[in-house]
>>> print(open('run_31.csv').read())   # CSV, C-alpha atoms and all ligand atoms
chain,number,residue,atom,x,y,z
S,1,MET,CA,-11.2,-40.8,-34.8
S,2,ILE,CA,-10.6,-43.2,-37.6
S,3,SER,CA,-13.2,-46.0,-37.6
S,4,LYS,CA,-12.3,-49.5,-36.8
S,5,ASP,CA,-13.5,-50.6,-40.2
S,6,GLU,CA,-11.0,-48.2,-41.8
S,7,LEU,CA,-8.3,-49.4,-39.6
S,8,ILE,CA,-9.0,-53.0,-40.5
S,9,LYS,CA,-8.9,-52.0,-44.2
S,10,LEU,CA,-5.5,-50.4,-43.6
S,11,LEU,CA,-3.9,-53.5,-42.1
S,12,PRO,CA,-2.4,-54.8,-45.4
S,13,GLN,CA,-0.9,-51.3,-46.0
S,14,ALA,CA,0.6,-50.9,-42.5
S,15,LEU,CA,4.3,-50.2,-42.9
S,16,ASN,CA,6.3,-53.4,-42.6
S,17,GLU,CA,9.7,-52.6,-44.0
S,18,THR,CA,11.3,-49.8,-45.8
S,19,ASN,CA,13.8,-49.7,-48.8
S,20,LEU,CA,14.8,-46.1,-48.9
S,21,PRO,CA,17.4,-44.8,-51.4
S,22,LEU,CA,19.9,-44.2,-48.5
S,23,PRO,CA,23.0,-46.2,-47.5
S,24,GLY,CA,23.4,-48.5,-44.5
S,25,ARG,CA,20.0,-49.9,-44.1
S,26,THR,CA,19.7,-51.8,-40.8
S,27,SER,CA,16.6,-53.1,-39.0
S,28,GLY,CA,15.6,-53.7,-35.4
S,29,LYS,CA,12.3,-55.2,-34.4
S,30,VAL,CA,10.4,-52.0,-34.8
S,31,ARG,CA,12.7,-49.5,-36.6
S,32,ASP,CA,14.7,-49.3,-39.8
S,33,TRP,CA,17.6,-46.9,-40.0
S,34,TYR,CA,20.0,-45.5,-42.5
S,35,ASP,CA,23.3,-43.6,-42.5
S,36,LEU,CA,23.3,-39.9,-43.0
S,37,PRO,CA,26.4,-37.7,-43.2
S,38,ASP,CA,27.9,-35.8,-40.2
S,39,GLY,CA,27.3,-38.4,-37.5
S,40,GLN,CA,23.6,-38.5,-38.1
S,41,ARG,CA,21.1,-41.3,-38.8
S,42,LEU,CA,17.6,-41.5,-40.2
S,43,ILE,CA,15.4,-43.7,-38.0
S,44,VAL,CA,12.1,-44.8,-39.5
S,45,THR,CA,9.6,-46.2,-37.0
S,46,THR,CA,7.6,-48.9,-38.9
S,47,ASP,CA,4.2,-50.3,-37.9
S,48,ARG,CA,5.7,-53.5,-36.7
S,49,LEU,CA,4.5,-54.6,-33.3
S,50,SER,CA,6.8,-56.7,-31.2
S,51,ALA,CA,6.1,-58.3,-27.9
S,52,PHE,CA,7.8,-61.2,-26.1
S,53,ASP,CA,10.8,-60.1,-28.1
S,54,ILE,CA,9.3,-61.1,-31.5
S,55,VAL,CA,7.4,-59.3,-34.2
S,56,LEU,CA,3.8,-60.3,-34.0
S,57,ALA,CA,1.9,-58.0,-36.4
S,58,ARG,CA,1.7,-54.7,-38.1
S,59,VAL,CA,-0.5,-52.0,-36.7
S,60,PRO,CA,-1.6,-49.0,-38.8
S,61,TYR,CA,-0.3,-45.6,-37.5
S,62,LYS,CA,1.7,-47.2,-34.8
S,63,GLY,CA,5.0,-46.0,-36.3
S,64,GLN,CA,3.7,-42.5,-36.6
S,65,VAL,CA,2.4,-42.4,-33.1
S,66,LEU,CA,5.7,-43.8,-31.7
S,67,ASN,CA,7.8,-41.4,-33.7
S,68,GLN,CA,5.8,-38.3,-32.9
S,69,LEU,CA,5.0,-39.2,-29.3
S,70,SER,CA,8.7,-39.8,-28.6
S,71,ALA,CA,9.7,-36.5,-30.2
S,72,TRP,CA,7.1,-34.8,-28.0
S,73,TRP,CA,8.4,-36.4,-24.8
S,74,PHE,CA,12.0,-35.6,-25.8
S,75,LYS,CA,10.9,-32.0,-25.8
S,76,GLN,CA,9.2,-32.3,-22.4
S,77,THR,CA,12.4,-33.7,-20.9
S,78,GLN,CA,15.2,-31.8,-22.7
S,79,ASP,CA,15.8,-29.6,-19.7
S,80,ILE,CA,16.7,-32.7,-17.7
S,81,ILE,CA,19.0,-34.5,-20.2
S,82,PRO,CA,19.9,-33.8,-23.8
S,83,ASN,CA,18.5,-36.2,-26.4
S,84,HIS,CA,19.4,-37.5,-29.9
S,85,ILE,CA,16.6,-35.7,-31.9
S,86,VAL,CA,17.7,-33.4,-34.7
S,87,SER,CA,14.5,-33.1,-36.7
S,88,LEU,CA,11.4,-35.0,-38.0
S,89,PRO,CA,11.4,-34.9,-41.8
S,90,ASP,CA,8.3,-37.2,-41.9
S,91,PRO,CA,5.6,-38.4,-39.5
S,92,ASN,CA,7.3,-41.8,-39.3
S,93,ALA,CA,11.0,-40.7,-39.3
S,94,SER,CA,13.5,-38.8,-37.2
S,95,VAL,CA,16.9,-37.6,-38.0
S,96,VAL,CA,19.0,-38.2,-34.9
S,97,ARG,CA,22.6,-37.9,-33.7
S,98,VAL,CA,24.3,-41.3,-33.6
S,99,ALA,CA,25.3,-42.2,-30.1
S,100,GLU,CA,27.2,-45.2,-28.9
S,101,PRO,CA,24.4,-47.0,-27.1
S,102,PHE,CA,25.1,-48.3,-23.6
S,103,LEU,CA,24.7,-52.0,-23.3
S,104,VAL,CA,22.1,-51.7,-20.6
S,105,GLU,CA,18.4,-51.0,-20.8
S,106,VAL,CA,17.2,-48.8,-17.9
S,107,ILE,CA,13.8,-49.9,-16.7
S,108,VAL,CA,12.1,-47.7,-14.2
S,109,ARG,CA,9.1,-49.1,-12.3
S,110,GLY,CA,6.6,-47.2,-10.1
S,111,TYR,CA,4.2,-50.1,-9.6
S,112,ILE,CA,4.4,-53.9,-9.2
S,113,THR,CA,2.7,-55.5,-12.2
S,114,GLY,CA,3.2,-57.4,-15.5
S,115,VAL,CA,2.7,-60.7,-17.1
S,116,THR,CA,6.0,-61.4,-18.9
S,117,SER,CA,8.7,-63.5,-17.3
S,118,THR,CA,10.9,-60.4,-16.5
S,119,ALA,CA,7.9,-58.5,-15.0
S,120,LEU,CA,8.1,-57.7,-11.3
S,121,TRP,CA,4.6,-59.0,-10.5
S,122,TYR,CA,5.3,-62.2,-12.4
S,123,ARG,CA,8.4,-62.9,-10.4
S,124,TYR,CA,6.8,-61.9,-7.1
S,125,ALA,CA,3.8,-64.1,-7.8
S,126,LEU,CA,6.2,-67.0,-8.3
S,127,GLY,CA,7.2,-66.5,-4.7
S,128,GLU,CA,10.4,-64.6,-5.3
S,129,ARG,CA,11.1,-61.8,-2.8
S,130,GLU,CA,14.7,-60.9,-3.9
S,131,ILE,CA,14.1,-59.4,-7.3
S,132,TYR,CA,16.6,-57.3,-9.3
S,133,GLY,CA,18.6,-56.9,-6.1
S,134,TYR,CA,15.7,-55.4,-4.1
S,135,THR,CA,13.9,-57.1,-1.2
S,136,PHE,CA,10.1,-57.1,-1.4
S,137,PRO,CA,7.9,-57.6,1.6
S,138,ASP,CA,5.2,-60.4,1.8
S,139,GLY,CA,1.6,-59.4,1.1
S,140,LEU,CA,2.0,-57.0,-1.8
S,141,GLN,CA,-0.9,-56.9,-4.2
S,142,LYS,CA,-0.7,-56.9,-8.0
S,143,ASN,CA,-0.7,-53.3,-9.4
S,144,SER,CA,0.2,-51.6,-6.1
S,145,ALA,CA,2.4,-48.6,-6.2
S,146,LEU,CA,6.0,-49.1,-4.9
S,147,PRO,CA,7.1,-46.7,-2.1
S,148,GLU,CA,9.3,-45.0,-4.7
S,149,PRO,CA,10.3,-45.8,-8.3
S,150,ILE,CA,13.0,-48.4,-8.7
S,151,ILE,CA,15.5,-49.1,-11.5
S,152,THR,CA,15.7,-52.7,-12.7
S,153,PRO,CA,18.3,-52.9,-15.5
S,154,THR,CA,18.6,-55.6,-18.1
S,155,THR,CA,21.3,-56.3,-20.7
S,156,LYS,CA,20.5,-55.1,-24.2
S,157,GLY,CA,19.4,-58.2,-26.1
S,158,GLY,CA,21.9,-58.3,-28.9
S,159,VAL,CA,21.4,-60.9,-31.7
S,160,THR,CA,19.7,-63.5,-29.5
S,161,GLY,CA,17.0,-60.9,-28.6
S,162,HIS,CA,16.3,-61.9,-25.0
S,163,ASP,CA,17.3,-59.5,-22.3
S,164,GLU,CA,19.0,-60.7,-19.1
S,165,ARG,CA,18.0,-59.2,-15.7
S,166,LEU,CA,20.6,-57.4,-13.7
S,167,THR,CA,20.9,-55.6,-10.4
S,168,CYS,CA,22.0,-52.0,-10.3
S,169,ALA,CA,25.3,-53.1,-8.7
S,170,GLU,CA,26.0,-55.6,-11.5
S,171,VAL,CA,25.9,-52.9,-14.2
S,172,VAL,CA,29.2,-51.7,-12.8
S,173,GLU,CA,30.5,-55.1,-11.5
S,174,LYS,CA,30.1,-56.6,-15.0
S,175,GLY,CA,31.8,-53.7,-16.6
S,176,LEU,CA,28.8,-52.5,-18.6
S,177,LEU,CA,29.3,-49.0,-17.4
S,178,ASP,CA,31.8,-47.1,-15.1
S,179,LYS,CA,30.3,-46.0,-11.8
S,180,LYS,CA,30.3,-42.3,-12.6
S,181,THR,CA,28.4,-42.9,-15.9
S,182,TRP,CA,25.9,-45.3,-14.3
S,183,ASP,CA,25.2,-42.8,-11.4
S,184,GLN,CA,24.6,-40.2,-14.0
S,185,VAL,CA,22.3,-42.5,-16.0
S,186,GLN,CA,20.3,-43.5,-12.9
S,187,ALA,CA,19.8,-40.0,-11.8
S,188,ALA,CA,18.6,-38.9,-15.3
S,189,ALA,CA,16.3,-41.9,-15.6
S,190,LEU,CA,14.6,-41.2,-12.2
S,191,ALA,CA,14.2,-37.5,-13.1
S,192,VAL,CA,12.8,-38.2,-16.5
S,193,PHE,CA,10.4,-40.8,-15.0
S,194,GLU,CA,9.3,-38.3,-12.4
S,195,ARG,CA,8.6,-35.7,-15.1
S,196,GLY,CA,6.8,-38.4,-17.1
S,197,GLN,CA,4.5,-39.3,-14.1
S,198,GLU,CA,3.7,-35.6,-13.6
S,199,VAL,CA,2.9,-35.0,-17.2
S,200,ALA,CA,0.9,-38.2,-17.5
S,201,HIS,CA,-1.0,-37.3,-14.3
S,202,LYS,CA,-2.2,-34.0,-15.8
S,203,ALA,CA,-3.5,-36.0,-18.8
S,204,GLY,CA,-5.5,-38.3,-16.5
S,205,MET,CA,-3.0,-41.2,-16.9
S,206,ILE,CA,-0.6,-43.1,-14.7
S,207,LEU,CA,2.9,-43.7,-16.1
S,208,VAL,CA,3.5,-47.1,-14.5
S,209,ASP,CA,6.9,-48.2,-15.8
S,210,THR,CA,9.1,-47.6,-18.7
S,211,LYS,CA,12.4,-48.4,-20.5
S,212,TYR,CA,15.1,-45.9,-21.4
S,213,GLU,CA,18.1,-46.2,-23.5
S,214,PHE,CA,21.1,-43.9,-23.1
S,215,GLY,CA,24.3,-43.6,-25.1
S,216,ARG,CA,27.4,-41.5,-25.5
S,217,ALA,CA,27.3,-38.8,-28.1
S,218,ALA,CA,30.3,-37.9,-30.2
S,219,ASP,CA,31.1,-34.9,-27.9
S,220,GLY,CA,31.3,-37.4,-24.9
S,221,SER,CA,28.1,-36.4,-23.3
S,222,VAL,CA,25.5,-38.8,-22.1
S,223,VAL,CA,22.3,-38.6,-24.1
S,224,LEU,CA,18.8,-40.1,-24.0
S,225,ILE,CA,18.2,-42.1,-27.3
S,226,ASP,CA,15.8,-44.5,-28.9
S,227,GLU,CA,12.2,-43.7,-27.7
S,228,VAL,CA,10.6,-42.1,-24.6
S,229,HIS,CA,7.3,-42.9,-22.8
S,230,THR,CA,5.6,-44.6,-25.7
S,231,PRO,CA,3.0,-47.3,-25.3
S,232,ASP,CA,5.8,-49.7,-26.6
S,233,SER,CA,8.3,-48.8,-24.0
S,234,SER,CA,5.9,-48.0,-21.1
S,235,ARG,CA,2.8,-49.0,-19.3
S,236,PHE,CA,0.0,-46.4,-19.0
S,237,TRP,CA,-3.1,-46.8,-16.8
S,238,LYS,CA,-6.1,-44.6,-16.6
S,239,ALA,CA,-5.9,-42.6,-13.4
S,240,ASP,CA,-9.5,-42.0,-12.4
S,241,THR,CA,-10.5,-45.7,-12.4
S,242,TYR,CA,-7.3,-47.0,-10.9
S,243,GLU,CA,-8.3,-46.9,-7.2
S,244,ALA,CA,-11.8,-48.4,-7.5
S,245,ARG,CA,-10.5,-51.2,-9.8
S,246,PHE,CA,-7.6,-51.9,-7.5
S,247,ALA,CA,-9.9,-52.1,-4.5
S,248,ALA,CA,-12.2,-54.5,-6.4
S,249,GLY,CA,-9.2,-56.7,-7.3
S,250,GLU,CA,-9.5,-55.8,-11.0
S,251,ASP,CA,-6.7,-54.9,-13.4
S,252,PRO,CA,-6.4,-51.2,-14.3
S,253,GLU,CA,-7.6,-49.9,-17.7
S,254,ASN,CA,-4.4,-49.9,-19.7
S,255,PHE,CA,-3.5,-47.9,-22.8
S,256,ASP,CA,-0.3,-49.6,-23.8
S,257,LYS,CA,0.9,-52.9,-25.3
S,258,GLU,CA,0.0,-54.8,-22.2
S,259,PHE,CA,-3.4,-55.6,-23.6
S,260,VAL,CA,-1.7,-57.4,-26.5
S,261,ARG,CA,0.5,-59.4,-24.1
S,262,ILE,CA,-2.7,-60.3,-22.1
S,263,ALA,CA,-4.5,-61.4,-25.3
S,264,TYR,CA,-1.6,-63.8,-25.9
S,265,THR,CA,-1.2,-65.0,-22.3
S,266,ASP,CA,-4.9,-65.7,-22.2
S,267,LYS,CA,-4.3,-68.2,-24.9
S,268,GLY,CA,-1.5,-69.7,-22.9
S,269,TYR,CA,1.4,-68.1,-24.8
S,270,ARG,CA,4.2,-66.5,-22.9
S,271,GLY,CA,6.8,-66.2,-25.5
S,272,ASP,CA,7.9,-69.8,-26.2
S,273,GLY,CA,7.1,-71.6,-29.4
S,274,VAL,CA,4.8,-70.5,-32.2
S,275,PRO,CA,2.5,-67.7,-31.2
S,276,PRO,CA,-1.3,-68.2,-31.8
S,277,VAL,CA,-2.9,-66.3,-34.7
S,278,MET,CA,-4.9,-63.3,-33.6
S,279,PRO,CA,-8.0,-61.7,-35.3
S,280,ASP,CA,-7.7,-58.5,-37.3
S,281,GLU,CA,-9.9,-56.9,-34.7
S,282,LEU,CA,-7.1,-57.1,-32.1
S,283,TRP,CA,-4.7,-55.1,-34.3
S,284,ALA,CA,-7.3,-52.5,-35.2
S,285,SER,CA,-8.0,-52.1,-31.5
S,286,ALA,CA,-4.3,-51.7,-30.9
S,287,SER,CA,-4.2,-49.0,-33.5
S,288,GLU,CA,-7.0,-47.2,-31.8
S,289,ARG,CA,-5.2,-47.4,-28.5
S,290,TYR,CA,-2.0,-46.0,-29.9
S,291,ILE,CA,-3.8,-43.0,-31.4
S,292,THR,CA,-5.8,-42.5,-28.2
S,293,ILE,CA,-2.8,-42.4,-25.9
S,294,TYR,CA,-1.1,-40.0,-28.2
S,295,GLU,CA,-4.0,-37.6,-28.1
S,296,LEU,CA,-4.5,-38.0,-24.3
S,297,LEU,CA,-0.8,-37.4,-23.5
S,298,THR,CA,0.0,-34.6,-25.9
S,299,GLY,CA,-3.5,-32.9,-25.8
S,300,GLU,CA,-3.2,-32.6,-29.6
S,301,LYS,CA,-5.3,-34.2,-32.2
S,302,PHE,CA,-3.6,-37.0,-34.1
S,303,ASP,CA,-2.9,-35.8,-37.7
S,304,ALA,CA,-3.0,-39.1,-39.6
S,305,GLY,CA,-0.3,-39.4,-42.3
S,306,SER,CA,-1.2,-40.8,-45.7
S,307,TYR,CA,-0.8,-44.5,-46.7
S,308,PRO,CA,1.2,-46.0,-48.3
S,309,VAL,CA,4.0,-44.6,-46.2
S,310,GLU,CA,7.1,-45.3,-48.3
S,311,PRO,CA,6.5,-43.0,-51.3
S,312,ARG,CA,5.5,-40.2,-48.9
S,313,LEU,CA,8.7,-40.8,-46.9
S,314,VAL,CA,10.8,-40.6,-50.1
S,315,ALA,CA,9.0,-37.3,-51.1
S,316,ASN,CA,9.6,-35.8,-47.6
S,317,LEU,CA,13.3,-36.8,-47.6
S,318,GLU,CA,13.7,-35.0,-51.0
S,319,LYS,CA,11.8,-32.0,-49.7
S,320,THR,CA,14.0,-31.7,-46.6
S,321,GLY,CA,17.2,-32.3,-48.5
S,322,TYR,CA,18.1,-35.7,-46.9
S,323,LYS,CA,18.1,-37.4,-50.3
A,401,LIG,N1,20.7,-42.1,-31.3
A,401,LIG,C1,21.0,-43.4,-31.5
A,401,LIG,N2,22.2,-43.8,-31.7
A,401,LIG,C2,22.5,-45.1,-31.9
A,401,LIG,N3,21.6,-46.1,-31.8
A,401,LIG,C3,20.3,-45.8,-31.5
A,401,LIG,C4,20.0,-44.4,-31.3
A,401,LIG,N4,18.6,-44.4,-31.0
A,401,LIG,C5,18.2,-45.6,-31.1
A,401,LIG,N5,19.2,-46.5,-31.3
A,401,LIG,C6,19.2,-48.0,-31.4
A,401,LIG,O1,18.4,-48.2,-32.6
A,401,LIG,C7,17.6,-49.4,-32.4
A,401,LIG,C8,16.2,-49.1,-32.6
A,401,LIG,O2,15.6,-50.2,-33.2
A,401,LIG,P1,14.4,-51.0,-32.6
A,401,LIG,O3,13.6,-50.2,-31.6
A,401,LIG,O4,13.7,-51.6,-33.7
A,401,LIG,O5,15.2,-52.1,-31.8
A,401,LIG,P2,14.7,-53.3,-30.9
A,401,LIG,O6,14.2,-54.3,-31.8
A,401,LIG,O7,13.8,-52.7,-29.9
A,401,LIG,O8,16.0,-53.8,-30.4
A,401,LIG,P3,16.7,-53.4,-29.1
A,401,LIG,O9,16.4,-54.4,-28.1
A,401,LIG,O10,18.1,-53.3,-29.5
A,401,LIG,O11,16.2,-52.0,-28.7
A,401,LIG,C9,17.9,-49.9,-31.0
A,401,LIG,O12,18.9,-50.9,-31.0
A,401,LIG,C10,18.5,-48.6,-30.3
A,401,LIG,O13,19.4,-49.0,-29.3
A,402,MG,MG,13.5,-50.7,-29.4
>>> encode(input="run_31.csv", output="structure tokens")
Amino acid sequence: MISKDELIKLLPQALNETNLPLPGRTSGKVRDWYDLPDGQRLIVTTDRLSAFDIVLARVPYKGQVLNQLSAWWFKQTQDIIPNHIVSLPDPNASVVRVAEPFLVEVIVRGYITGVTSTALWYRYALGEREIYGYTFPDGLQKNSALPEPIITPTTKGGVTGHDERLTCAEVVEKGLLDKKTWDQVQAAALAVFERGQEVAHKAGMILVDTKYEFGRAADGSVVLIDEVHTPDSSRFWKADTYEARFAAGEDPENFDKEFVRIAYTDKGYRGDGVPPVMPDELWASASERYITIYELLTGEKFDAGSYPVEPRLVANLEKTGYK
């Protein structure tokens, strides 16, 4: 494992943005992408860390972990639903099939938890019992398992960034998707989530909840796009300590971005106004966690790519014929 000192030293080199010699550069909060011929796209996952819908920091190796972990999960789930991956020319980059993204983010939750304003536990603790179109009984405890996983969709943020909560019925009522497609998406989401929980369980982890994006490929089929079961899109808890901590009223040991959110909410920040400045140590710990969860889930040793990333990326694109 890379030492915390090394990770702190790498902070200034963490990949913030790319300027590759390819057309059509566009940036999301975490990814940069470029046009490739034949309906394909190069997606570069940077080291930017976003939470509360804003970019808060750069975390060394985060981009590599997200890119390679997603690719690994896409492989684990390709028998359930086809996905956008074509190849990985670099540890931080994927060549994908461009899809027309559906305007709904498909969040699947197996537990009631969370500290952000859209989180199930946050709403429940405010006293709400009708949440995302589901009725919840009184007396639920934070971090308890739901009887079965539920889908809580949101609109895709668009330029304003913030996602709006929806019920499953509203996805069709608001015309975001036709019923047949939405049924297909829901079934795929639940099946991929179930597979994720099984695989995570074997690795000693609980897949708590996650967000999927789907889209329509050029051939008309529904495909899984974006990222799958990464610590950015999902919550992961350690399985063997969950029960005892739950019984003691303690939060589970988490291996995802939640600990960053908690560090901010501990300082009273929930996403409004100027975020407080956090110490380098927090971002080095974040890096350690991303690498650890990669190794736990895949059972493979993390093969750290070289920094700086950009010249390596350019060399790999030349080598693989994409430039
Ligand atoms: N195969 C694909 N075809 C088209 N768009 C894709 C594909 N895979 C991912 N995307 C889109 O690329 C973007 C990835 O960028 P990033 O993860 O940085 O976005 P983001 O800041 O999380 O914003 P968003 O809320 O839109 O996901 C997302 O908007 C996602 O919908
Ligand atoms: Mg995203």
>>> residues_near_ligand(input="run_31.csv", ligand="ligand LIG 401 (chain A)", cutoff="7 Å", atoms="all atoms listed in the file", output="list in words")
Ser27, Gly28, Lys29, Val30, Arg31, Asp32, His84, Val96, Arg97, Val98, Ala99, Glu100, Pro101, Lys156, Gly157, Gly158, Gly161, Glu213, Gly215, Ile225 and Asp226 of chain S
>>> write_last_selection(input="run_31.csv", atoms="C-alpha atoms", output="PDB file, in the frame of the given file")
ATOM      1  CA  SER S  27      16.600 -53.100 -39.000  1.00  0.00           C
ATOM      2  CA  GLY S  28      15.600 -53.700 -35.400  1.00  0.00           C
ATOM      3  CA  LYS S  29      12.300 -55.200 -34.400  1.00  0.00           C
ATOM      4  CA  VAL S  30      10.400 -52.000 -34.800  1.00  0.00           C
ATOM      5  CA  ARG S  31      12.700 -49.500 -36.600  1.00  0.00           C
ATOM      6  CA  ASP S  32      14.700 -49.300 -39.800  1.00  0.00           C
ATOM      7  CA  HIS S  84      19.400 -37.500 -29.900  1.00  0.00           C
ATOM      8  CA  VAL S  96      19.000 -38.200 -34.900  1.00  0.00           C
ATOM      9  CA  ARG S  97      22.600 -37.900 -33.700  1.00  0.00           C
ATOM     10  CA  VAL S  98      24.300 -41.300 -33.600  1.00  0.00           C
ATOM     11  CA  ALA S  99      25.300 -42.200 -30.100  1.00  0.00           C
ATOM     12  CA  GLU S 100      27.200 -45.200 -28.900  1.00  0.00           C
ATOM     13  CA  PRO S 101      24.400 -47.000 -27.100  1.00  0.00           C
ATOM     14  CA  LYS S 156      20.500 -55.100 -24.200  1.00  0.00           C
ATOM     15  CA  GLY S 157      19.400 -58.200 -26.100  1.00  0.00           C
ATOM     16  CA  GLY S 158      21.900 -58.300 -28.900  1.00  0.00           C
ATOM     17  CA  GLY S 161      17.000 -60.900 -28.600  1.00  0.00           C
ATOM     18  CA  GLU S 213      18.100 -46.200 -23.500  1.00  0.00           C
ATOM     19  CA  GLY S 215      24.300 -43.600 -25.100  1.00  0.00           C
ATOM     20  CA  ILE S 225      18.200 -42.100 -27.300  1.00  0.00           C
ATOM     21  CA  ASP S 226      15.800 -44.500 -28.900  1.00  0.00           C
TER      22      ASP S 226
END
>>> closest_residue(input="run_31.csv", among="S:Arg245, S:Lys179, S:His229, S:Arg123", to="ligand MG 402 (chain A)", atoms="all atoms listed in the file")
S:His229
>>> residues_around(input="run_31.csv", residues="Tyr111 in chain S", least_positions_apart="4", cutoff="8 Å", atoms="all atoms listed in the file", output="tab-separated table (two decimals) with C-alpha atoms, in the frame of the given file")
chain	number	residue	atom	x	y	z
S	143	ASN	CA	-0.70	-53.30	-9.40
S	144	SER	CA	0.20	-51.60	-6.10
S	145	ALA	CA	2.40	-48.60	-6.20
S	146	LEU	CA	6.00	-49.10	-4.90
S	149	PRO	CA	10.30	-45.80	-8.30
S	208	VAL	CA	3.50	-47.10	-14.50
S	209	ASP	CA	6.90	-48.20	-15.80
>>> residues_around(input="run_31.csv", residues="range 264-267 of chain S", least_positions_apart="4", cutoff="9 Å", atoms="all atoms listed in the file", output="ChimeraX atom specification")
/S:115-116,259-260,271,275-276,278
>>> residues_around(input="run_31.csv", residues="Leu224 in chain S", least_positions_apart="6", cutoff="10 Å", atoms="all atoms listed in the file", output="list in words")
Phe74, Thr77, Gln78, Ile80, Ile81, Pro82, Asn83, His84, Ile85, Ala99, Pro101, Val185, Ala188, Ala189, Val192, Tyr212, Glu213, Phe214, Gly215, Arg216 and Ala217 of chain S
>>> closest_residue(input="run_31.csv", among="S:Val228, S:Ile150, S:Leu88, S:Leu190", to="ligand MG 402 (chain A)", atoms="all atoms listed in the file")
S:Val228
>>> atom_distance(input="run_31.csv", atom1="CA of Glu300 in chain S", atom2="CA of Asp5 in chain S")
23.3 Å
>>> residues_around(input="run_31.csv", residues="Gly133 in chain S", least_positions_apart="3", cutoff="9 Å", atoms="only C-alpha atoms", output="JSON, numbers by chain")
{"S": [130, 152, 166, 167, 168, 169]}
>>> atom_distance(input="run_31.csv", atom1="CA of Val171 in chain S", atom2="CA of Val104 in chain S")
7.5 Å
>>> atom_distance(input="run_31.csv", atom1="CA of Arg195 in chain S", atom2="CA of Ile293 in chain S")
17.1 Å
>>> closest_residue(input="run_31.csv", among="S:Lys211, S:Lys75, S:Lys180, S:Arg25", to="ligand MG 402 (chain A)", atoms="all atoms listed in the file")
S:Lys211
>>> residues_around(input="run_31.csv", residues="Glu227 in chain S", least_positions_apart="3", cutoff="8 Å", atoms="all atoms listed in the file", output="PyMOL selection string")
chain S and resi 66-67+70+212-213+230+233
>>> residues_near_point(input="run_31.csv", point="(8.1, -49.6, -15.5)", cutoff="7 Å", atoms="all atoms listed in the file", output="JSON, numbers by chain")
{"S": [107, 108, 109, 110, 208, 209, 210, 211, 234, 235]}
>>> closest_residue(input="run_31.csv", among="S:Glu105, S:Ser287, S:Ala315, S:Ala71", to="ligand MG 402 (chain A)", atoms="all atoms listed in the file")
S:Glu105
>>> closest_residue(input="run_31.csv", among="S:Ala119, S:Ala57, S:Val44, S:Leu126", to="Ala284 in chain S", atoms="all atoms listed in the file")
S:Ala57
>>> closest_residue(input="run_31.csv", among="S:Gln40, S:Thr45, S:Asn19, S:Thr135", to="ligand MG 402 (chain A)", atoms="only C-alpha atoms and all ligand atoms")
S:Thr45
